[in-house]
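File shown here: protein03.txt, holding compact mmCIF, C-alpha atoms.
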# COMPACT_ATOMS: atom_id res chain seq x y z
CA MET A 1 0.71 2.10 -0.89
CA GLY A 2 -2.80 2.06 0.34
CA THR A 3 -5.06 4.77 -0.97
CA TRP A 4 -8.17 5.56 1.03
CA GLY A 5 -9.42 8.62 -0.79
CA VAL A 6 -8.85 11.07 -3.61
CA GLY A 7 -7.34 13.79 -1.45
CA TYR A 8 -3.72 14.81 -1.93
CA PHE A 9 -2.70 13.13 1.32
CA GLU A 10 -5.21 10.30 1.49
CA ASN A 11 -2.68 7.62 0.72
CA ASP A 12 0.31 6.00 2.39
CA ALA A 13 2.94 7.31 -0.02
CA ALA A 14 2.04 11.00 0.24
CA THR A 15 1.50 10.84 3.97
CA GLU A 16 4.86 9.25 4.56
CA TRP A 17 6.56 11.72 2.29
CA LEU A 18 4.90 14.64 4.08
CA ASP A 19 5.99 13.28 7.47
CA ALA A 20 9.57 13.13 6.24
CA PHE A 21 9.34 16.55 4.66
CA LEU A 22 7.98 18.19 7.79
CA ALA A 23 10.96 16.80 9.67
CA ASN A 24 13.31 18.28 7.08
CA PRO A 25 11.42 20.94 5.10
CA SER A 26 14.00 21.58 2.43
CA PRO A 27 12.93 22.79 -1.03
CA SER A 28 15.41 20.33 -2.51
CA ASN A 29 13.27 17.46 -1.21
CA VAL A 30 10.30 18.92 -3.03
CA GLN A 31 12.27 19.37 -6.21
CA SER A 32 13.56 15.80 -6.06
CA ALA A 33 10.07 14.39 -5.73
CA LEU A 34 8.85 16.42 -8.69
CA GLN A 35 11.86 15.76 -10.86
CA ARG A 36 11.54 12.01 -10.34
CA VAL A 37 8.18 12.14 -12.08
CA CYS A 38 9.36 14.56 -14.76
CA ASP A 39 12.23 12.22 -15.63
CA ALA A 40 10.26 8.97 -15.50
CA THR A 41 9.35 7.03 -18.61
CA GLU A 42 6.64 5.22 -16.67
CA ILE A 43 5.22 7.00 -13.61
CA GLU A 44 4.47 4.60 -10.79
CA ILE A 45 1.61 5.20 -8.38
CA ASP A 46 3.78 5.94 -5.37
CA ASP A 47 5.95 8.41 -7.26
CA ALA A 48 2.89 10.19 -8.61
CA GLN A 49 1.30 10.47 -5.20
CA VAL A 50 4.50 11.83 -3.70
CA ALA A 51 4.84 14.36 -6.53
CA ILE A 52 1.29 15.56 -5.96
CA ALA A 53 2.09 16.04 -2.30
CA ALA A 54 5.20 17.96 -3.29
CA ALA A 55 3.15 20.12 -5.64
CA ALA A 56 0.85 20.93 -2.74
CA ILE A 57 3.90 22.21 -0.88
CA VAL A 58 4.84 24.32 -3.89
CA LEU A 59 1.32 25.73 -3.95
CA TYR A 60 1.62 26.77 -0.33
CA PHE A 61 4.94 28.55 -0.70
CA PHE A 62 4.01 30.00 -4.09
CA THR A 63 0.60 31.35 -3.11
CA GLY A 64 0.07 30.88 0.61
CA GLU A 65 -2.79 28.42 0.02
CA ALA A 66 -2.48 25.42 2.31
CA VAL A 67 -4.42 22.32 1.37
CA ASP A 68 -3.58 20.56 4.64
CA LYS A 69 -3.33 21.99 8.13
CA ARG A 70 0.08 20.36 8.61
CA ILE A 71 1.35 22.42 5.70
CA SER A 72 -0.10 25.66 7.00
CA ALA A 73 2.13 25.38 10.06
CA LEU A 74 5.24 25.79 7.91
CA PRO A 75 6.73 29.29 8.12
CA ARG A 76 6.81 31.28 4.87
CA ASN A 77 9.17 34.10 3.96
CA ASP A 78 10.43 35.91 0.87
CA VAL A 79 13.53 33.76 0.54
CA LEU A 80 11.53 30.54 0.52
CA GLN A 81 9.00 32.02 -1.85
CA LYS A 82 11.77 32.83 -4.32
CA GLN A 83 13.18 29.35 -4.01
CA TYR A 84 9.80 27.81 -4.72
CA THR A 85 9.32 30.12 -7.66
CA LEU A 86 12.27 28.32 -9.21
CA ILE A 87 10.65 24.93 -8.53
CA VAL A 88 7.13 25.68 -9.64
CA GLY A 89 7.91 24.76 -13.24
CA PHE A 90 8.75 21.23 -12.14
CA ALA A 91 5.44 21.06 -10.33
CA ARG A 92 3.52 22.10 -13.43
CA ARG A 93 5.31 19.57 -15.59
CA ALA A 94 4.90 16.79 -13.03
CA LEU A 95 1.17 17.37 -12.65
CA GLU A 96 0.75 17.55 -16.40
CA SER A 97 2.53 14.22 -16.81
CA ILE A 98 0.56 12.57 -14.03
CA ALA A 99 -2.77 13.77 -15.39
CA THR A 100 -1.92 12.86 -18.96
CA ASP A 101 -0.42 9.41 -18.65
CA SER A 102 0.24 7.68 -15.36
CA GLU A 103 -0.65 4.53 -13.52
CA LEU A 104 -2.30 6.67 -10.84
CA ALA A 105 -4.56 8.49 -13.29
CA SER A 106 -5.65 5.30 -14.99
CA GLU A 107 -6.42 3.66 -11.66
CA HIS A 108 -8.58 6.57 -10.48
CA ASP A 109 -10.27 6.80 -13.87
CA ASP A 110 -10.99 3.08 -13.90
CA ALA A 111 -12.39 3.27 -10.38
CA GLY A 112 -14.62 6.20 -11.32
CA ASN A 113 -13.02 8.49 -8.75
CA VAL A 114 -13.90 11.71 -10.56
CA GLY A 115 -12.91 13.81 -7.58
CA TRP A 116 -9.29 12.91 -8.11
CA ARG A 117 -9.03 14.76 -11.44
CA ALA A 118 -10.89 17.73 -9.98
CA GLY A 119 -8.28 17.91 -7.24
CA ILE A 120 -5.42 17.75 -9.71
CA ASP A 121 -7.01 20.46 -11.85
CA GLN A 122 -7.39 22.67 -8.80
CA LEU A 123 -3.75 22.18 -7.90
CA ARG A 124 -2.64 22.90 -11.45
CA LYS A 125 -4.65 26.12 -11.57
CA GLY A 126 -3.19 27.22 -8.27
CA ILE A 127 0.38 27.10 -9.53
CA GLN A 128 -0.17 28.72 -12.91
CA PRO A 129 2.04 31.73 -13.66
CA ARG A 130 0.78 34.91 -12.07
CA LYS A 131 -0.29 37.80 -14.29
CA LYS A 132 1.69 40.94 -13.57
CA MET B 1 -8.51 -21.54 -6.45
CA GLY B 2 -5.74 -24.16 -6.23
CA LEU B 3 -2.24 -23.50 -5.15
CA LEU B 4 -2.14 -19.97 -6.46
CA LEU B 5 -4.49 -18.89 -3.75
CA ARG B 6 -3.02 -21.08 -1.07
CA LEU B 7 -0.52 -18.74 0.38
CA LEU B 8 1.36 -20.35 3.20
CA LEU B 9 3.11 -17.67 5.14
CA ALA B 10 6.51 -17.57 6.60
CA LEU B 11 7.16 -17.39 10.24
CA ALA B 12 6.08 -14.36 12.06
CA ALA B 13 8.47 -12.88 14.48
CA SER B 14 5.72 -12.97 17.03
CA LEU B 15 3.04 -15.59 17.28
CA ALA B 16 0.85 -13.56 19.57
CA LEU B 17 -2.71 -13.24 18.45
CA PRO B 18 -3.59 -9.75 17.24
CA ALA B 19 -6.13 -7.82 19.22
CA TRP B 20 -8.93 -8.45 16.76
CA ALA B 21 -8.51 -12.20 17.10
CA SER B 22 -10.32 -12.14 20.40
CA SER B 23 -13.45 -11.01 18.60
CA LEU B 24 -13.34 -13.79 16.06
CA PRO B 25 -15.43 -16.91 16.10
CA ALA B 26 -14.07 -19.93 17.89
CA PRO B 27 -11.45 -21.91 15.96
CA LEU B 28 -12.96 -24.08 13.31
CA SER B 29 -12.24 -27.66 12.51
CA SER B 30 -10.75 -28.64 9.18
CA ALA B 31 -14.13 -29.91 8.10
CA ALA B 32 -16.00 -26.82 9.18
CA PRO B 33 -18.93 -25.78 7.03
CA GLU B 34 -19.32 -22.37 5.51
CA THR B 35 -19.75 -19.53 7.91
CA ALA B 36 -22.86 -17.41 8.15
CA SER B 37 -21.28 -14.86 5.82
CA GLY B 38 -20.72 -17.49 3.17
CA VAL B 39 -17.01 -17.55 3.70
CA SER B 40 -15.38 -20.90 3.38
CA ALA B 41 -14.08 -21.63 6.82
CA ALA B 42 -10.39 -22.12 7.35
CA SER B 43 -8.76 -24.73 9.46
CA VAL B 44 -7.14 -23.22 12.51
CA ASP B 45 -5.90 -24.22 15.92
CA GLU B 46 -4.31 -22.42 18.82
CA GLU B 47 -1.22 -21.57 16.80
CA HIS B 48 -3.13 -20.22 13.84
CA THR B 49 -4.52 -16.81 13.24
CA TYR B 50 -6.94 -16.07 10.51
CA PHE B 51 -9.42 -13.59 9.32
CA ALA B 52 -12.33 -14.05 6.99
CA GLY B 53 -13.19 -11.61 4.28
CA GLU B 54 -16.12 -11.60 1.90
CA SER B 55 -14.22 -13.67 -0.62
CA GLY B 56 -12.30 -15.97 1.66
CA ALA B 57 -9.99 -16.12 4.61
CA TRP B 58 -6.38 -15.57 5.43
CA VAL B 59 -4.80 -18.19 7.54
CA HIS B 60 -1.51 -17.75 9.27
CA ASN B 61 0.02 -21.12 9.97
CA GLY B 62 1.67 -19.99 13.17
CA LYS B 63 5.09 -21.15 12.09
CA GLY B 64 6.21 -19.84 8.73
CA THR B 65 9.72 -20.13 7.51
CA CYS B 66 12.81 -18.02 7.46
CA GLY B 67 15.20 -18.47 4.57
CA PRO B 68 15.49 -21.58 2.40
CA THR B 69 13.74 -23.89 4.78
CA LEU B 70 10.47 -24.38 2.99
CA ALA B 71 10.76 -28.15 2.74
CA SER B 72 11.97 -28.54 6.29
CA ALA B 73 8.99 -26.51 7.43
CA GLY B 74 6.75 -29.20 6.09
CA TYR B 75 5.51 -27.65 2.88
CA PRO B 76 4.71 -30.19 0.18
CA PRO B 77 7.39 -30.40 -2.55
CA GLN B 78 4.96 -29.14 -5.17
CA ILE B 79 4.32 -25.97 -3.19
CA VAL B 80 8.01 -25.50 -2.51
CA ASP B 81 8.69 -25.72 -6.24
CA GLU B 82 5.97 -23.19 -6.92
CA ILE B 83 7.32 -20.74 -4.38
CA LEU B 84 10.85 -21.00 -5.68
CA ALA B 85 9.70 -20.62 -9.28
CA ALA B 86 7.70 -17.53 -8.40
CA GLU B 87 10.66 -15.99 -6.64
CA LYS B 88 12.94 -16.70 -9.56
CA SER B 89 10.60 -15.39 -12.23
CA SER B 90 9.61 -12.25 -10.37
CA SER B 91 13.15 -11.43 -9.31
CA SER B 92 14.25 -11.30 -12.93
CA PHE B 93 11.71 -8.54 -13.55
CA TYR B 94 12.49 -6.37 -10.55
CA SER B 95 15.44 -4.14 -9.91
CA GLU B 96 15.21 -5.05 -6.25
CA PRO B 97 16.15 -8.65 -5.49
CA PHE B 98 13.50 -10.78 -3.92
CA GLY B 99 13.43 -10.30 -0.20
CA ALA B 100 15.77 -7.28 -0.35
CA GLY B 101 14.24 -6.00 2.82
CA GLY B 102 13.25 -2.53 3.86
CA PRO B 103 11.18 -0.53 6.29
CA HIS B 104 7.73 -1.39 4.98
CA GLN B 105 5.03 -3.45 6.64
CA ILE B 106 1.56 -4.50 5.66
CA TYR B 107 -1.45 -3.52 7.70
CA PHE B 108 -5.19 -3.90 7.48
CA ALA B 109 -8.36 -2.53 9.00
CA LEU B 110 -11.60 -4.28 9.80
CA ASP B 111 -15.12 -3.08 9.31
CA LYS B 112 -16.39 -2.28 12.78
CA GLY B 113 -19.70 -4.00 12.24
CA SER B 114 -19.00 -7.05 10.13
CA LYS B 115 -15.41 -7.48 11.32
CA GLN B 116 -14.44 -8.19 7.76
CA VAL B 117 -11.33 -6.78 6.14
CA LYS B 118 -12.09 -3.36 4.69
CA TYR B 119 -8.70 -1.85 4.04
CA ILE B 120 -5.21 -2.99 3.09
CA GLY B 121 -2.20 -0.70 3.30
CA ARG B 122 1.52 -0.53 3.79
CA THR B 123 3.59 1.83 5.85
CA ASP B 124 7.06 2.45 7.19
CA GLY B 125 5.67 3.73 10.48
CA LEU B 126 2.74 1.77 11.85
CA GLY B 127 2.21 3.83 14.99
CA ARG B 128 2.15 7.09 13.10
CA ARG B 129 -0.14 5.66 10.45
CA ALA B 130 -2.48 4.21 13.06
CA ALA B 131 -2.86 7.63 14.61
CA GLU B 132 -3.55 9.21 11.23
CA HIS B 133 -6.18 6.64 10.28
CA TRP B 134 -7.84 7.02 13.64
CA ALA B 135 -7.85 10.80 13.45
CA SER B 136 -9.10 11.05 9.88
CA LYS B 137 -11.43 8.07 9.56
CA GLY B 138 -11.88 6.62 13.03
CA ARG B 139 -10.29 3.51 11.58
CA GLU B 140 -8.25 1.07 13.64
CA ILE B 141 -5.44 -0.64 11.81
CA GLN B 142 -3.53 -3.82 12.60
CA GLN B 143 -0.19 -5.04 11.40
CA MET B 144 -0.26 -8.33 9.52
CA SER B 145 1.90 -10.71 11.44
CA GLY B 146 5.12 -11.66 9.68
CA LEU B 147 4.80 -9.00 6.98
CA SER B 148 7.30 -6.39 8.04
CA GLY B 149 10.83 -5.54 6.96
CA LEU B 150 9.76 -5.47 3.32
CA SER B 151 11.14 -3.45 0.44
CA LEU B 152 8.70 -1.09 -1.25
CA SER B 153 8.35 -3.41 -4.25
CA ASP B 154 7.68 -6.42 -2.06
CA ALA B 155 5.21 -4.51 0.08
CA ARG B 156 3.29 -3.29 -2.95
CA ALA B 157 3.22 -6.80 -4.36
CA VAL B 158 1.79 -8.28 -1.16
CA GLU B 159 -0.65 -5.42 -0.83
CA GLN B 160 -1.93 -6.02 -4.36
CA VAL B 161 -2.33 -9.77 -3.82
CA LEU B 162 -4.51 -9.03 -0.81
CA ILE B 163 -6.49 -6.34 -2.63
CA GLU B 164 -7.07 -8.77 -5.49
CA PHE B 165 -8.02 -11.50 -3.05
CA HIS B 166 -10.65 -9.44 -1.27
CA GLY B 167 -11.74 -7.55 -4.36
CA LEU B 168 -11.22 -3.82 -4.70
CA LYS B 169 -14.97 -3.20 -4.69
CA ASN B 170 -15.26 -4.84 -1.28
CA LEU B 171 -12.59 -2.64 0.29
CA ASP B 172 -12.28 0.99 1.28
CA ASN B 173 -9.14 1.16 -0.84
CA ALA B 174 -9.80 3.72 -3.54
CA ILE B 175 -7.49 2.13 -6.12
CA ASN B 176 -5.19 -0.82 -6.64
CA SER B 177 -1.63 -0.73 -5.40
CA ILE B 178 -0.39 -1.88 -8.79
CA SER B 179 -2.41 -1.38 -11.93
CA PRO B 180 -3.50 -4.63 -13.57
CA ARG B 181 -2.76 -2.91 -16.88
CA ARG B 182 0.96 -2.93 -16.24
CA ASN B 183 3.20 -5.55 -17.79
CA ILE B 184 4.75 -6.10 -14.42
CA TYR B 185 1.43 -7.06 -12.85
CA PRO B 186 1.55 -10.87 -13.16
CA TYR B 187 5.12 -10.88 -11.89
CA ALA B 188 4.18 -8.69 -8.97
CA ILE B 189 1.32 -10.98 -8.07
CA GLU B 190 3.55 -14.03 -8.14
CA ARG B 191 6.11 -12.19 -6.07
CA GLY B 192 3.49 -11.17 -3.53
CA LYS B 193 2.15 -14.68 -3.27
CA ALA B 194 5.60 -16.10 -2.72
CA ILE B 195 6.19 -13.62 0.10
CA LEU B 196 2.89 -14.60 1.65
CA TYR B 197 3.82 -18.26 1.38
CA ARG B 198 7.06 -17.62 3.19
CA ALA B 199 5.33 -15.60 5.85
CA GLY B 200 3.06 -18.54 6.62
CA TYR B 201 -0.29 -17.44 5.19
CA THR B 202 -2.90 -19.31 3.28
CA LEU B 203 -5.64 -17.58 1.33
CA GLU B 204 -8.56 -19.89 0.91
What would you get if you wrote out this structure as structure tokens?
Amino acid sequence: MGTWGVGYFENDAATEWLDAFLANPSPSNVQSALQRVCDATEIEIDDAQVAIAAAAIVLYFFTGEAVDKRISALPRNDVLQKQYTLIVGFARRALESIATDSELASEHDDAGNVGWRAGIDQLRKGIQPRKK
Amino acid sequence: MGLLLRLLLALAASLALPAWASSLPAPLSSAAPETASGVSAASVDEEHTYFAGESGAWVHNGKGTCGPTLASAGYPPQIVDEILAAEKSSSSFYSEPFGAGGPHQIYFALDKGSKQVKYIGRTDGLGRRAAEHWASKGREIQQMSGLSGLSLSDARAVEQVLIEFHGLKNLDNAINSISPRRNIYPYAIERGKAILYRAGYTLE
């Protein structure tokens, strides 16, 4: 996977995953991508980048905030929002794992790409539980 | 550099020169001096394609090999042994067998001014990726001849060999494809080099 920036979709893995997801925008595809990271003993770069992309999808359906114009074209409704409410926990866990201990995090840290962690923090804040 | 950096590539499906080749300097003789950029010149002829980076040059030998025909393709026995050893050692570490195959291909982009390699990537859809790079960065990408039909593991291994060869700091790649901290790293590098050998490339 080539990575040309710190953005959520500035790498081959996330871009390819998003292309596939847009062709078949099923919440189960999002959950699978997130669960793969949650279940991993060692999180590989590609898996982490795909999970971050999946978390960006969760953010959109959970809050309406689209981080990429391709995502904003996806229709939202109450049914989908409920489905993503069930997935958001996976997204929180996946992002926590990636930020805490992953090949991707160490690579960005080593390269001095501070913007990457800022992006992850922003994503994590966006999918925090809502106060009632 | 020795044999480890002499990656003789396997045969490309197509021997046509990529578009960027027309902008390259004229083919150099085997005794060519260093180029103006300080890159050690590579020996090429009409059947070779190559591209120079800041730290060296790729050379595609214009023939390559397919399958267990390394010796018959004219590779020296010592290099054949090295390739086979690399394949054996790396395969024992991977869940995917060496050369399992898949949809991935390796691509690169050149700096518009210097014409040196500035980006290495892999994709399962070159046309789509080319459009995305162009739209987001104005970057033109090219497929590396003979480096398609790869599994994800193989593609990442080749990608990392090339990133290491050019030096991450010299590329627009933000990070490595495989972290050098990982235990798998030396195996991945050997695997990537063996794939490059088979595809007919030399890194000099």
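By chain and then residue number, the residues within 6 Å of segment 106-117 of chain B are B:Gly53, B:Tyr119, B:Ile120, B:Gly121, B:Arg122, B:Glu140, B:Ile141, B:Gln142, B:Gln143, B:Met144, B:Leu147, counting all atoms listed in the file and disregarding those fewer than 2 positions away in sequence.
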Considering only C-alpha atoms, tabulate each residue of chain B that lies at most 7 Å from chain A along with its nearest interatomic pair and the corresponding distance in Å to one decimal; arrange the rows by chain and ascending residue number and present them as a Markdown table.
| residue | atom | partner | partner_atom | distance |
| --- | --- | --- | --- | --- |
| B:Ile120 | CA | A:Gly2 | CA | 6.2 |
| B:Gly121 | CA | A:Gly2 | CA | 4.1 |
| B:Arg122 | CA | A:Met1 | CA | 5.4 |
| B:Thr123 | CA | A:Asp12 | CA | 6.3 |
| B:Arg156 | CA | A:Met1 | CA | 6.3 |
| B:Asp172 | CA | A:Trp4 | CA | 6.2 |
| B:Asn173 | CA | A:Trp4 | CA | 4.9 |
| B:Ala174 | CA | A:Trp4 | CA | 5.2 |
| B:Ile175 | CA | A:Glu107 | CA | 5.8 |
| B:Asn176 | CA | A:Glu107 | CA | 6.8 |
| B:Ser177 | CA | A:Met1 | CA | 5.8 |
| B:Ser179 | CA | A:Glu103 | CA | 6.4 |
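For the set A:Trp116, A:Phe90, A:Phe61, A:Phe9, the residue with the smallest atom-to-atom gap to Ala33 of chain A is A:Phe90, counting all atoms listed in the file.
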Inset, instruction - For atom CA of Ala199 of chain B and atom CA of Leu152 of chain B, determine how far apart the two atoms are, in Å to one decimal place. - result: 16.5 Å
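What separates atom CA of Ala66 of chain A from atom CA of Tyr8 of chain A is a distance of 11.5 Å.
When atom CA of Arg76 of chain A is paired with atom CA of Ala51 of chain A, their separation reads 20.5 Å.
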Please list as a short mmCIF file (atom, residue, chain, number, x, y, z; two decimals) with C-alpha atoms, in the coordinates of the input every residue within 12 Å of Asn29 of chain A, counting all atoms listed in the file and excluding residues in the same chain fewer than 3 positions away.
data_model
loop_
_atom_site.label_atom_id
_atom_site.label_comp_id
_atom_site.auth_asym_id
_atom_site.auth_seq_id
_atom_site.Cartn_x
_atom_site.Cartn_y
_atom_site.Cartn_z
CA TRP A 17 6.56 11.72 2.29
CA LEU A 18 4.90 14.64 4.08
CA ALA A 20 9.57 13.13 6.24
CA PHE A 21 9.34 16.55 4.66
CA LEU A 22 7.98 18.19 7.79
CA ALA A 23 10.96 16.80 9.67
CA ASN A 24 13.31 18.28 7.08
CA PRO A 25 11.42 20.94 5.10
CA SER A 26 14.00 21.58 2.43
CA SER A 32 13.56 15.80 -6.06
CA ALA A 33 10.07 14.39 -5.73
CA LEU A 34 8.85 16.42 -8.69
CA GLN A 35 11.86 15.76 -10.86
CA ARG A 36 11.54 12.01 -10.34
CA VAL A 50 4.50 11.83 -3.70
CA ALA A 51 4.84 14.36 -6.53
CA ALA A 53 2.09 16.04 -2.30
CA ALA A 54 5.20 17.96 -3.29
CA ALA A 55 3.15 20.12 -5.64
CA ILE A 57 3.90 22.21 -0.88
CA VAL A 58 4.84 24.32 -3.89
CA TYR A 84 9.80 27.81 -4.72
CA ILE A 87 10.65 24.93 -8.53
#
Legend entry - All residues 12 Å or closer to Leu95 of chain A, only C-alpha atoms, same chain fewer than 3 positions away omitted, as JSON, numbers by chain: {"A": [33, 34, 35, 36, 37, 38, 43, 47, 48, 49, 50, 51, 52, 53, 54, 55, 56, 58, 88, 89, 90, 91, 92, 98, 99, 100, 101, 102, 104, 105, 117, 119, 120, 121, 122, 123, 124, 125, 126, 127, 128]}
Inset, instruction - Give me the residues within 12 Å of Asn77 of chain A as JSON, numbers by chain, counting only C-alpha atoms and dropping any in the same chain fewer than 5 places off. - result: {"A": [60, 61, 62, 63, 64, 82, 83, 84]}
Residue rebuild result segment 93-105 of chain A, N, CA and C atoms as a tab-separated table (two decimals), keeping the file's coordinate frame:
chain	number	residue	atom	x	y	z
A	93	ARG	N	5.00	20.67	-14.68
A	93	ARG	CA	5.31	19.57	-15.59
A	93	ARG	C	4.92	18.23	-14.97
A	94	ALA	N	5.21	18.06	-13.69
A	94	ALA	CA	4.90	16.79	-13.03
A	94	ALA	C	3.39	16.54	-13.03
A	95	LEU	N	2.63	17.55	-12.68
A	95	LEU	CA	1.17	17.37	-12.65
A	95	LEU	C	0.60	17.12	-14.04
A	96	GLU	N	1.18	17.79	-15.02
A	96	GLU	CA	0.75	17.55	-16.40
A	96	GLU	C	1.01	16.10	-16.80
A	97	SER	N	2.18	15.61	-16.47
A	97	SER	CA	2.53	14.22	-16.81
A	97	SER	C	1.63	13.23	-16.09
A	98	ILE	N	1.39	13.49	-14.82
A	98	ILE	CA	0.56	12.57	-14.03
A	98	ILE	C	-0.86	12.54	-14.57
A	99	ALA	N	-1.39	13.71	-14.89
A	99	ALA	CA	-2.77	13.77	-15.39
A	99	ALA	C	-2.90	13.18	-16.78
A	100	THR	N	-1.84	13.30	-17.57
A	100	THR	CA	-1.92	12.86	-18.96
A	100	THR	C	-1.74	11.36	-19.10
A	101	ASP	N	-0.73	10.82	-18.45
A	101	ASP	CA	-0.42	9.41	-18.65
A	101	ASP	C	0.33	8.86	-17.44
A	102	SER	N	-0.41	8.28	-16.53
A	102	SER	CA	0.24	7.68	-15.36
A	102	SER	C	-0.61	6.53	-14.85
A	103	GLU	N	0.04	5.66	-14.14
A	103	GLU	CA	-0.65	4.53	-13.52
A	103	GLU	C	-1.71	5.04	-12.54
A	104	LEU	N	-1.37	6.11	-11.83
A	104	LEU	CA	-2.30	6.67	-10.84
A	104	LEU	C	-3.57	7.20	-11.51
A	105	ALA	N	-3.39	7.93	-12.59
A	105	ALA	CA	-4.56	8.49	-13.29
A	105	ALA	C	-5.44	7.38	-13.84
